[in-house]
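Novice: start33.csv is reproduced below (CSV, C-alpha atoms and all ligand atoms).
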```
chain,number,residue,atom,x,y,z
A,1,MET,CA,11.2,-14.3,-13.4
A,2,THR,CA,13.8,-11.7,-12.5
A,3,ASP,CA,17.4,-12.1,-11.7
A,4,GLN,CA,17.4,-9.1,-9.5
A,5,PRO,CA,18.3,-9.9,-5.9
A,6,ILE,CA,15.3,-10.7,-3.6
A,7,PRO,CA,14.8,-7.9,-1.0
A,8,VAL,CA,14.9,-9.5,2.4
A,9,ILE,CA,14.6,-8.4,6.1
A,10,ILE,CA,15.7,-10.7,8.9
A,11,ASP,CA,14.1,-10.4,12.3
A,12,CYS,CA,16.4,-12.3,14.7
A,13,ASP,CA,17.6,-13.0,18.3
A,14,THR,CA,21.3,-13.4,17.5
A,15,GLY,CA,22.0,-16.2,18.6
A,16,VAL,CA,24.7,-18.5,17.2
A,17,ASP,CA,22.6,-19.8,14.3
A,18,ASP,CA,21.0,-16.4,13.7
A,19,ALA,CA,24.5,-15.2,13.2
A,20,LEU,CA,25.0,-18.0,10.6
A,21,ALA,CA,21.9,-16.8,8.9
A,22,LEU,CA,23.1,-13.2,8.8
A,23,LEU,CA,26.4,-14.2,7.3
A,24,LEU,CA,24.6,-16.1,4.5
A,25,ALA,CA,22.1,-13.3,3.8
A,26,VAL,CA,24.9,-10.7,3.5
A,27,ARG,CA,27.0,-12.7,1.2
A,28,HIS,CA,24.4,-14.4,-1.1
A,29,PRO,CA,24.3,-12.5,-4.4
A,30,GLY,CA,20.6,-13.4,-4.9
A,31,LEU,CA,19.6,-11.6,-1.7
A,32,ASP,CA,19.4,-7.9,-0.9
A,33,LEU,CA,19.5,-7.6,2.9
A,34,ARG,CA,17.7,-4.3,3.5
A,35,ALA,CA,17.5,-4.3,7.3
A,36,VAL,CA,17.8,-6.4,10.4
A,37,THR,CA,15.5,-6.1,13.5
A,38,CYS,CA,16.2,-7.6,16.9
A,39,VAL,CA,14.0,-9.2,19.5
A,40,ALA,CA,14.6,-10.8,22.9
A,41,GLY,CA,15.0,-14.6,22.7
A,42,ASN,CA,18.3,-16.4,22.8
A,43,THR,CA,19.5,-13.5,24.9
A,44,GLY,CA,18.2,-10.1,26.1
A,45,VAL,CA,17.4,-7.6,23.3
A,46,ASP,CA,20.4,-5.4,24.0
A,47,GLY,CA,22.7,-8.3,23.7
A,48,VAL,CA,20.9,-9.3,20.5
A,49,VAL,CA,21.6,-5.8,19.0
A,50,ARG,CA,25.2,-5.9,20.0
A,51,ASN,CA,25.7,-9.4,18.5
A,52,THR,CA,23.9,-8.5,15.3
A,53,LEU,CA,26.0,-5.4,14.8
A,54,THR,CA,29.2,-7.3,15.3
A,55,VAL,CA,28.2,-10.1,12.9
A,56,LEU,CA,27.2,-7.6,10.2
A,57,GLU,CA,30.5,-5.8,10.5
A,58,VAL,CA,32.6,-9.0,10.4
A,59,ALA,CA,30.5,-10.1,7.3
A,60,GLY,CA,31.3,-6.8,5.6
A,61,ALA,CA,27.8,-5.3,5.8
A,62,GLY,CA,28.3,-2.6,8.3
A,63,ASP,CA,25.8,-0.2,6.7
A,64,VAL,CA,22.7,-2.4,6.9
A,65,PRO,CA,20.3,-0.7,9.3
A,66,VAL,CA,19.7,-2.6,12.6
A,67,ALA,CA,16.9,-1.7,15.1
A,68,ARG,CA,16.1,-2.8,18.6
A,69,GLY,CA,12.7,-4.4,19.2
A,70,ALA,CA,10.7,-6.0,21.8
A,71,GLU,CA,12.4,-6.8,25.1
A,72,ARG,CA,9.8,-9.4,26.2
A,73,PRO,CA,6.9,-11.5,24.7
A,74,LEU,CA,3.5,-10.0,24.2
A,75,ILE,CA,2.0,-11.5,27.3
A,76,GLU,CA,4.6,-13.5,29.2
A,77,ALA,CA,7.5,-12.3,31.2
A,78,ALA,CA,11.0,-12.1,29.7
A,79,ARG,CA,12.9,-15.4,30.0
A,80,SER,CA,16.6,-15.7,30.1
A,81,SER,CA,18.4,-18.5,28.2
A,82,THR,CA,22.0,-19.6,28.2
A,83,VAL,CA,21.6,-22.2,25.5
A,84,HIS,CA,23.6,-19.9,23.2
A,85,GLY,CA,26.2,-19.1,26.0
A,86,VAL,CA,26.2,-16.1,28.3
A,87,ASP,CA,26.6,-13.6,25.5
A,88,GLY,CA,24.2,-15.4,23.1
A,89,MET,CA,27.0,-16.0,20.7
A,90,GLY,CA,28.5,-19.2,22.1
A,91,ASP,CA,31.0,-17.2,24.2
A,92,ILE,CA,33.4,-17.3,21.3
A,93,ASP,CA,36.8,-15.8,22.2
A,94,GLY,CA,38.0,-12.6,20.5
A,95,LEU,CA,34.7,-11.4,19.1
A,96,PRO,CA,35.1,-7.7,18.3
A,97,ALA,CA,32.7,-5.1,19.9
A,98,PRO,CA,30.7,-3.3,17.2
A,99,THR,CA,31.9,0.1,16.1
A,100,ARG,CA,28.5,1.5,15.3
A,101,THR,CA,25.2,1.6,17.1
A,102,ALA,CA,21.6,0.7,16.2
A,103,ALA,CA,19.3,3.0,14.3
A,104,ASP,CA,17.5,5.6,16.3
A,105,VAL,CA,14.1,4.1,15.5
A,106,ASP,CA,12.5,1.0,17.0
A,107,ALA,CA,12.2,-2.3,15.1
A,108,VAL,CA,8.5,-1.9,14.2
A,109,THR,CA,9.2,1.6,12.7
A,110,LEU,CA,12.2,0.3,10.8
A,111,LEU,CA,10.3,-2.7,9.5
A,112,ARG,CA,7.5,-0.5,8.3
A,113,ARG,CA,9.8,2.0,6.7
A,114,GLU,CA,12.0,-0.5,4.9
A,115,ILE,CA,9.0,-2.7,3.7
A,116,LEU,CA,7.1,0.2,2.3
A,117,ALA,CA,10.2,1.8,0.7
A,118,SER,CA,11.3,-1.3,-1.1
A,119,PRO,CA,10.8,-1.0,-4.9
A,120,ARG,CA,9.8,-4.7,-4.9
A,121,PRO,CA,7.9,-6.7,-2.3
A,122,VAL,CA,10.0,-7.9,0.6
A,123,THR,CA,10.5,-11.4,1.9
A,124,LEU,CA,10.6,-11.4,5.7
A,125,ILE,CA,12.7,-14.0,7.4
A,126,PRO,CA,12.0,-14.2,11.2
A,127,THR,CA,14.4,-16.5,13.0
A,128,ALA,CA,13.3,-15.6,16.5
A,129,PRO,CA,10.3,-15.3,18.7
A,130,LEU,CA,7.6,-13.4,16.6
A,131,THR,CA,6.9,-10.5,18.9
A,132,ASN,CA,8.3,-7.8,16.6
A,133,ILE,CA,6.4,-9.2,13.6
A,134,ALA,CA,3.1,-9.4,15.6
A,135,LEU,CA,3.5,-5.8,16.8
A,136,LEU,CA,4.2,-4.7,13.2
A,137,LEU,CA,1.1,-6.5,11.8
A,138,ARG,CA,-1.1,-5.0,14.5
A,139,THR,CA,0.4,-1.5,14.3
A,140,HIS,CA,0.8,-1.1,10.6
A,141,PRO,CA,-1.3,-3.7,8.8
A,142,GLU,CA,-0.8,-1.9,5.5
A,143,VAL,CA,2.7,-3.3,5.2
A,144,THR,CA,1.3,-6.6,4.0
A,145,ARG,CA,0.7,-5.0,0.6
A,146,ASN,CA,4.5,-4.9,0.1
A,147,ILE,CA,5.4,-8.3,1.7
A,148,GLU,CA,6.0,-11.1,-0.9
A,149,ARG,CA,6.0,-13.8,1.8
A,150,ILE,CA,7.2,-14.7,5.3
A,151,VAL,CA,9.6,-17.6,5.7
A,152,PHE,CA,9.9,-18.1,9.4
A,153,MET,CA,12.0,-20.5,11.5
A,154,GLY,CA,9.7,-21.9,14.1
A,155,GLY,CA,7.3,-24.6,15.0
A,156,ALA,CA,7.5,-28.3,14.4
A,157,VAL,CA,5.3,-30.9,12.8
A,158,ALA,CA,6.6,-33.7,15.0
A,159,VAL,CA,8.8,-33.1,18.1
A,160,GLY,CA,9.5,-29.9,20.0
A,161,ASN,CA,12.7,-28.7,21.6
A,162,ALA,CA,11.6,-26.1,24.2
A,163,THR,CA,9.0,-28.6,25.4
A,164,PRO,CA,8.2,-32.1,24.1
A,165,VAL,CA,5.8,-30.6,21.6
A,166,ALA,CA,6.8,-26.9,21.2
A,167,GLU,CA,9.6,-25.3,19.3
A,168,PHE,CA,11.5,-22.4,21.1
A,169,ASN,CA,10.6,-19.5,18.9
A,170,VAL,CA,6.8,-20.2,19.0
A,171,TRP,CA,6.9,-21.4,22.6
A,172,HIS,CA,8.6,-18.1,23.7
A,173,ASP,CA,5.7,-16.0,22.4
A,174,PRO,CA,2.8,-18.2,21.2
A,175,GLU,CA,0.3,-15.3,20.8
A,176,ALA,CA,2.7,-13.5,18.5
A,177,ALA,CA,3.1,-16.7,16.4
A,178,ALA,CA,-0.7,-17.0,16.2
A,179,ILE,CA,-0.8,-13.4,14.8
A,180,LEU,CA,1.9,-14.2,12.3
A,181,LEU,CA,0.0,-17.2,10.9
A,182,THR,CA,-3.0,-15.0,10.1
A,183,ALA,CA,-1.0,-12.2,8.5
A,184,GLY,CA,-2.8,-12.8,5.2
A,185,VAL,CA,0.4,-13.2,3.2
A,186,PRO,CA,2.0,-16.5,2.0
A,187,ILE,CA,3.9,-18.1,4.9
A,188,THR,CA,6.5,-20.8,4.9
A,189,MET,CA,7.1,-22.7,8.2
A,190,TYR,CA,10.8,-23.8,8.3
A,191,GLY,CA,10.3,-25.9,11.4
A,192,LEU,CA,12.4,-28.2,13.6
A,193,ASP,CA,11.6,-31.1,11.3
A,194,VAL,CA,14.0,-29.7,8.6
A,195,PHE,CA,16.0,-27.3,10.8
A,196,GLN,CA,17.7,-30.0,12.7
A,197,ARG,CA,18.7,-32.0,9.6
A,198,VAL,CA,21.0,-29.5,7.8
A,199,VAL,CA,24.4,-30.3,9.4
A,200,VAL,CA,27.8,-29.2,8.1
A,201,PRO,CA,30.4,-32.0,8.3
A,202,GLY,CA,33.3,-31.6,10.8
A,203,ALA,CA,35.9,-31.4,8.0
A,204,ASP,CA,34.2,-28.3,6.5
A,205,VAL,CA,33.9,-26.8,10.0
A,206,ARG,CA,37.6,-27.3,10.6
A,207,ARG,CA,38.5,-25.7,7.2
A,208,LEU,CA,36.3,-22.7,8.0
A,209,ARG,CA,37.8,-22.2,11.4
A,210,ALA,CA,41.3,-22.1,9.8
A,211,SER,CA,40.3,-19.6,7.2
A,212,ALA,CA,42.2,-16.3,6.9
A,213,GLU,CA,39.0,-14.5,6.1
A,214,PRO,CA,37.1,-13.2,9.2
A,215,GLY,CA,33.6,-13.9,8.0
A,216,ALA,CA,34.3,-17.5,7.0
A,217,ARG,CA,36.3,-18.0,10.2
A,218,LEU,CA,33.4,-16.7,12.3
A,219,ALA,CA,31.1,-19.2,10.5
A,220,GLY,CA,33.4,-22.0,11.5
A,221,GLU,CA,33.6,-20.9,15.1
A,222,LEU,CA,29.8,-20.6,15.3
A,223,LEU,CA,29.2,-24.0,13.7
A,224,ALA,CA,31.7,-25.5,16.2
A,225,HIS,CA,29.6,-24.0,19.0
A,226,ARG,CA,26.2,-25.0,17.7
A,227,PRO,CA,24.3,-26.2,20.7
A,228,SER,CA,22.9,-29.8,20.6
A,229,ALA,CA,24.0,-30.2,17.0
A,230,PRO,CA,23.6,-33.8,15.8
A,231,GLU,CA,26.9,-35.5,15.4
A,232,PRO,CA,26.9,-37.7,12.3
A,233,ASP,CA,29.5,-40.4,12.6
A,234,GLY,CA,30.4,-39.2,16.0
A,235,ASP,CA,32.1,-36.1,14.5
A,236,GLU,CA,31.9,-33.7,17.4
A,237,LEU,CA,32.8,-30.6,15.3
A,238,ALA,CA,29.9,-31.1,12.8
A,239,GLY,CA,27.5,-28.2,13.3
A,240,GLY,CA,23.9,-27.5,12.3
A,241,LEU,CA,23.1,-24.5,10.1
A,242,GLY,CA,19.9,-23.9,12.2
A,243,ASP,CA,18.3,-20.6,11.3
A,244,ALA,CA,20.5,-20.2,8.3
A,245,GLY,CA,18.5,-23.0,6.7
A,246,ALA,CA,15.5,-20.5,6.5
A,247,VAL,CA,17.7,-18.2,4.5
A,248,CYS,CA,18.7,-21.1,2.2
A,249,ALA,CA,15.0,-21.7,1.7
A,250,VAL,CA,14.6,-18.1,0.3
A,251,ALA,CA,17.7,-18.2,-1.8
A,252,ASP,CA,17.0,-21.7,-3.2
A,253,PRO,CA,13.4,-22.7,-2.6
A,254,ALA,CA,13.9,-25.8,-4.8
A,255,GLY,CA,15.9,-27.4,-2.0
A,256,LEU,CA,12.8,-27.5,0.3
A,257,THR,CA,9.7,-29.7,0.0
A,258,THR,CA,6.7,-28.0,1.4
A,259,ARG,CA,3.0,-28.8,1.6
A,260,LEU,CA,0.1,-26.3,2.1
A,261,LEU,CA,-1.5,-27.4,5.4
A,262,PRO,CA,-3.7,-26.0,8.1
A,263,VAL,CA,-1.6,-24.9,11.1
A,264,GLU,CA,-2.7,-23.6,14.5
A,265,VAL,CA,-0.7,-22.6,17.6
A,266,SER,CA,-1.8,-24.0,20.9
A,267,LEU,CA,-2.4,-21.0,23.2
A,268,ALA,CA,-3.8,-23.1,26.1
A,269,PRO,CA,-1.9,-23.0,29.3
A,270,GLY,CA,-0.3,-26.4,30.1
A,271,PRO,CA,1.8,-29.0,28.3
A,272,THR,CA,0.7,-28.1,24.7
A,273,ARG,CA,1.3,-24.3,25.0
A,274,GLY,CA,3.3,-23.2,22.0
A,275,GLN,CA,2.8,-26.3,19.9
A,276,THR,CA,2.1,-25.8,16.2
A,277,ILE,CA,-0.7,-28.2,15.4
A,278,VAL,CA,-0.3,-29.2,11.7
A,279,ASP,CA,-3.3,-31.0,10.2
A,280,ARG,CA,-1.9,-33.7,7.9
A,281,ARG,CA,-5.1,-35.7,7.8
A,282,PRO,CA,-6.0,-36.7,4.2
A,283,ARG,CA,-9.8,-36.0,4.8
A,284,PRO,CA,-12.1,-34.4,7.4
A,285,GLY,CA,-12.3,-36.3,10.7
A,286,GLU,CA,-15.1,-37.3,13.0
A,287,SER,CA,-15.1,-33.9,14.6
A,288,GLU,CA,-15.9,-32.1,11.4
A,289,LEU,CA,-18.2,-34.8,10.1
A,290,HIS,CA,-20.4,-34.7,13.2
A,291,GLY,CA,-20.8,-31.0,13.3
A,292,GLY,CA,-18.0,-30.0,15.6
A,293,THR,CA,-17.2,-26.3,15.4
A,294,THR,CA,-15.3,-25.5,12.2
A,295,ARG,CA,-12.0,-24.0,13.3
A,296,GLU,CA,-10.5,-21.2,11.3
A,297,GLN,CA,-7.0,-22.3,10.5
A,298,ALA,CA,-4.3,-20.6,8.5
A,299,LEU,CA,-3.0,-22.4,5.5
A,300,VAL,CA,0.8,-22.5,5.7
A,301,ASP,CA,3.5,-24.0,3.4
A,302,VAL,CA,5.0,-26.4,5.9
A,303,ALA,CA,8.5,-27.7,5.2
A,304,LEU,CA,8.5,-31.5,5.3
A,305,ASP,CA,11.8,-32.4,3.7
A,306,VAL,CA,15.1,-30.7,2.8
A,307,ASP,CA,17.9,-31.5,0.4
A,308,VAL,CA,20.7,-31.4,3.1
A,309,LYS,CA,23.7,-31.6,0.8
A,310,ARG,CA,22.3,-28.9,-1.4
A,311,TYR,CA,21.9,-26.4,1.4
A,312,VAL,CA,25.2,-27.3,3.0
A,313,GLN,CA,26.9,-26.7,-0.3
A,314,LEU,CA,25.0,-23.5,-0.9
A,315,TYR,CA,26.1,-22.2,2.6
A,316,LEU,CA,29.8,-23.1,2.2
A,317,GLU,CA,30.1,-21.7,-1.4
A,318,THR,CA,28.4,-18.5,-0.4
A,319,VAL,CA,30.1,-17.8,2.9
A,320,GLU,CA,33.5,-19.0,2.0
A,321,GLY,CA,33.3,-17.3,-1.4
A,322,ALA,CA,36.6,-17.1,-3.3
A,323,TRP,CA,38.7,-17.4,-0.1
A,324,ALA,CA,38.4,-21.2,0.4
A,325,ARG,CA,39.0,-22.1,-3.3
A,326,PRO,CA,42.5,-23.1,-4.3
B,1,LIG,C1,15.3,-21.6,17.4
B,1,LIG,O1,15.6,-21.3,18.8
B,1,LIG,C2,16.8,-20.7,18.9
B,1,LIG,O2,17.6,-21.2,19.9
B,1,LIG,C3,17.5,-20.8,17.6
B,1,LIG,O3,18.2,-19.6,17.3
B,1,LIG,C4,16.4,-21.0,16.6
B,1,LIG,O4,15.9,-19.8,16.0
B,1,LIG,C5,15.3,-23.2,17.3
B,1,LIG,O5,14.2,-23.6,18.1
B,2,CA,CA,17.1,-17.7,16.4
```
Would you mind giving the structure from this file in structure tokens?
Ligand code: BDR
Ligand code: CA
Specialist:
Amino acid sequence: MTDQPIPVIIDCDTGVDDALALLLAVRHPGLDLRAVTCVAGNTGVDGVVRNTLTVLEVAGAGDVPVARGAERPLIEAARSSTVHGVDGMGDIDGLPAPTRTAADVDAVTLLRREILASPRPVTLIPTAPLTNIALLLRTHPEVTRNIERIVFMGGAVAVGNATPVAEFNVWHDPEAAAILLTAGVPITMYGLDVFQRVVVPGADVRRLRASAEPGARLAGELLAHRPSAPEPDGDELAGGLGDAGAVCAVADPAGLTTRLLPVEVSLAPGPTRGQTIVDRRPRPGESELHGGTTREQALVDVALDVDVKRYVQLYLETVEGAWARP
């Protein structure tokens, strides 16, 4: 055990909840955010870069290197989405433009550089379509020697959101997700099954929005704009942590219940494309018993349950810091 901070890199498509994840990673004393890479997803990649730079500045981490990555999935065309507003950040009023620009290297180059330069193995936290990560693994496979693990937000055991069975990040670039699953490093899938459950109550969102501290106030604005957040007790201001839950899972793994299970991405055209097929059967089925082809499936730590109160508390205590305390 070491109490040195865990070196982490976030690959994101900022994105309202990616912004919540960045705020947490910057402010958590147990995490050392070494770089942020950007990929097309919630909005176009240039918008993602702009949003990411803005959030880092508001959070007080203006020197963390940021790089622009893939502008479309590996195979499919770029898709535009307005789920996170026109600007990808919920169209929040008064967001400052960033004062600095991205690094002069692309995302894959920055990922390789920062992973190999880290004195201790890096934990990667992708919260977006996995295009950059797939390109990294195919271009520079040697990086895996200095990757501790990959905790990605994506996939679903049960129900999808982009389609009835597929989660957005995997659906957006299924081939990239399939490459990630076979990276040969430990992988945790923080999927929709837990992602949708970690909701900050409206009273906390109201307090954050009223904060005099810009980072905490931004967290409140973002939570209030979380798309499709569940509304416990009809509280319309309650907001899901979304991608930030994957960062909680790195900072505090004990809040997450996982099981090592075979996972495969459906690459077939049609209604299952982008589905993460998680094999939860207790024993081999008829297909295996009767000589069906044995499929090579990656074993992934799949998140099955989450301690909601614990992660909400972790988020609020970290992002509000001293400012909210009387
Ligand atoms: C994922 O899709 C995006 O809208 C969110 O930022 C999150 O990463 C959830 O399916
Ligand atoms: Ca995201």
Novice: Go through the chains and note each residue within 9 Å of ligand CA 2 (chain B), using all atoms listed in the file, then give the set as a short mmCIF file (atom, residue, chain, number, x, y, z; two decimals) with C-alpha atoms, in the frame of the given file.
Specialist:
```cif
data_model
loop_
_atom_site.label_atom_id
_atom_site.label_comp_id
_atom_site.auth_asym_id
_atom_site.auth_seq_id
_atom_site.Cartn_x
_atom_site.Cartn_y
_atom_site.Cartn_z
CA ASP A 11 14.10 -10.40 12.30
CA CYS A 12 16.40 -12.30 14.70
CA ASP A 13 17.60 -13.00 18.30
CA THR A 14 21.30 -13.40 17.50
CA GLY A 15 22.00 -16.20 18.60
CA VAL A 16 24.70 -18.50 17.20
CA ASP A 17 22.60 -19.80 14.30
CA ASP A 18 21.00 -16.40 13.70
CA ALA A 19 24.50 -15.20 13.20
CA ALA A 21 21.90 -16.80 8.90
CA GLY A 41 15.00 -14.60 22.70
CA ASN A 42 18.30 -16.40 22.80
CA PRO A 126 12.00 -14.20 11.20
CA THR A 127 14.40 -16.50 13.00
CA ALA A 128 13.30 -15.60 16.50
CA PRO A 129 10.30 -15.30 18.70
CA MET A 153 12.00 -20.50 11.50
CA GLY A 154 9.70 -21.90 14.10
CA PHE A 168 11.50 -22.40 21.10
CA ASN A 169 10.60 -19.50 18.90
CA GLY A 242 19.90 -23.90 12.20
CA ASP A 243 18.30 -20.60 11.30
#
```
Novice: How far is it from CA of Arg206 in chain A to CA of Asp307 in chain A, in Å with one decimal?
Specialist: 22.6 Å
Novice: Hey, what's within 9 Å of Val165 in chain A if we count only C-alpha atoms and toss same-chain stuff fewer than 4 positions away? As a ChimeraX atom specification, please?
Specialist: /A:156-161,271-276
Novice: Identify which of the residues A:Gly94, A:Gly44, A:Gly191, A:Pro121 lies closest to ligand LIG 1 (chain B), counting only C-alpha atoms and all ligand atoms when measuring atom-to-atom distances.
Specialist: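 When distances to ligand LIG 1 (chain B) are compared using only C-alpha atoms and all ligand atoms, the smallest one comes from A:Gly191.
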Novice: Would you please work out which residue, of A:Pro174, A:Gly321, A:Pro214, A:Gly239, is nearest to Pro73 in chain A when using only C-alpha atoms?
Specialist: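 So, comparing all the options, the nearest one is A:Pro174.
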Novice: Would you list the contacts of range 178-187 of chain A as an mmCIF file with C-alpha atoms, keeping the file's coordinate frame, taking every protein, DNA or RNA residue within 10 Å and counting all atoms listed in the file, but skipping same-chain residues closer than 5 positions in sequence?
Specialist:
```
data_model
loop_
_atom_site.group_PDB
_atom_site.id
_atom_site.type_symbol
_atom_site.label_atom_id
_atom_site.label_comp_id
_atom_site.auth_asym_id
_atom_site.auth_seq_id
_atom_site.Cartn_x
_atom_site.Cartn_y
_atom_site.Cartn_z
ATOM 1 C CA THR A 123 10.500 -11.400 1.900
ATOM 2 C CA LEU A 124 10.600 -11.400 5.700
ATOM 3 C CA LEU A 130 7.600 -13.400 16.600
ATOM 4 C CA THR A 131 6.900 -10.500 18.900
ATOM 5 C CA ILE A 133 6.400 -9.200 13.600
ATOM 6 C CA ALA A 134 3.100 -9.400 15.600
ATOM 7 C CA LEU A 135 3.500 -5.800 16.800
ATOM 8 C CA LEU A 136 4.200 -4.700 13.200
ATOM 9 C CA LEU A 137 1.100 -6.500 11.800
ATOM 10 C CA ARG A 138 -1.100 -5.000 14.500
ATOM 11 C CA PRO A 141 -1.300 -3.700 8.800
ATOM 12 C CA THR A 144 1.300 -6.600 4.000
ATOM 13 C CA ARG A 145 0.700 -5.000 0.600
ATOM 14 C CA ASN A 146 4.500 -4.900 0.100
ATOM 15 C CA ILE A 147 5.400 -8.300 1.700
ATOM 16 C CA GLU A 148 6.000 -11.100 -0.900
ATOM 17 C CA ARG A 149 6.000 -13.800 1.800
ATOM 18 C CA ILE A 150 7.200 -14.700 5.300
ATOM 19 C CA VAL A 151 9.600 -17.600 5.700
ATOM 20 C CA PHE A 152 9.900 -18.100 9.400
ATOM 21 C CA VAL A 170 6.800 -20.200 19.000
ATOM 22 C CA ASP A 173 5.700 -16.000 22.400
ATOM 23 C CA LEU A 260 0.100 -26.300 2.100
ATOM 24 C CA PRO A 262 -3.700 -26.000 8.100
ATOM 25 C CA VAL A 263 -1.600 -24.900 11.100
ATOM 26 C CA GLU A 264 -2.700 -23.600 14.500
ATOM 27 C CA VAL A 265 -0.700 -22.600 17.600
ATOM 28 C CA SER A 266 -1.800 -24.000 20.900
ATOM 29 C CA LEU A 267 -2.400 -21.000 23.200
ATOM 30 C CA GLY A 274 3.300 -23.200 22.000
ATOM 31 C CA THR A 276 2.100 -25.800 16.200
ATOM 32 C CA GLU A 296 -10.500 -21.200 11.300
ATOM 33 C CA GLN A 297 -7.000 -22.300 10.500
ATOM 34 C CA ALA A 298 -4.300 -20.600 8.500
ATOM 35 C CA LEU A 299 -3.000 -22.400 5.500
ATOM 36 C CA VAL A 300 0.800 -22.500 5.700
ATOM 37 C CA ASP A 301 3.500 -24.000 3.400
ATOM 38 C CA VAL A 302 5.000 -26.400 5.900
#
```
Novice: Could you name the residues that touch Cys38 in chain A at 9 Å or less, counting only C-alpha atoms, but leaving out those on the same chain fewer than 5 positions away, as a ChimeraX atom specification?
Specialist: /A:10-14,45-46,48-49,52,66-70,107,128,132
Novice: As a ChimeraX atom specification, please: the residues near range 57-59 of chain A (cut-off 6 Å, all atoms listed in the file, same-chain neighbours under 3 positions excluded).
Specialist: /A:23,54,62,215
Novice: CA of Gly245 in chain A and CA of Gly85 in chain A, how far apart in Å?
Specialist: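 Separating CA of Gly85 in chain A from CA of Gly245 in chain A is a distance of 21.1 Å.
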Novice: Quote the spacing between CA of Leu111 in chain A and CA of Val86 in chain A in Å to one decimal place.
Specialist: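 For CA of Leu111 in chain A relative to CA of Val86 in chain A, the distance reads 28.0 Å.
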Novice: Closest to Ala176 in chain A among A:Val122, A:Ala40, A:Leu237, A:Leu74, using all atoms listed in the file?
Specialist: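 Of all the options, A:Leu74 lies closest to Ala176 in chain A.
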Novice: Give me the residues near Val198 in chain A as a PyMOL selection string, where near means some atom within 6 Å (using all atoms listed in the file) and where sequence neighbours in that chain fewer than 5 positions away do not count.
Specialist: chain A and resi 240-241+308
Novice: Find the residue from A:Leu95, A:Val83, A:Ala238, A:Leu304 that sits nearest to ligand LIG 1 (chain B); use all atoms listed in the file when measuring.
Specialist: A:Val83
Novice: Taking into account all atoms listed in the file, which residue in the set A:His84, A:Arg100, A:Arg197, A:His290 is nearest to ligand LIG 1 (chain B)?
Specialist: A:His84
Novice: Could you check which of A:Gln4, A:Gln196, A:Ser80, A:Ser118 is closest to ligand LIG 1 (chain B), using all atoms listed in the file?
Specialist: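 Residue with the minimum atom-to-atom distance to ligand LIG 1 (chain B): A:Gln196.
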Novice: Taking all atoms of range 260-273 of chain A that the file lists, what box with edges along x, y and z, padded by 6 Å per side, do you get, with centre and edge lengths in Å to one decimal, as lines of an AutoDock Vina configuration file?
Specialist:
```
center_x = -1.0
center_y = -25.0
center_z = 16.1
size_x = 17.6
size_y = 20.0
size_z = 40.0
```
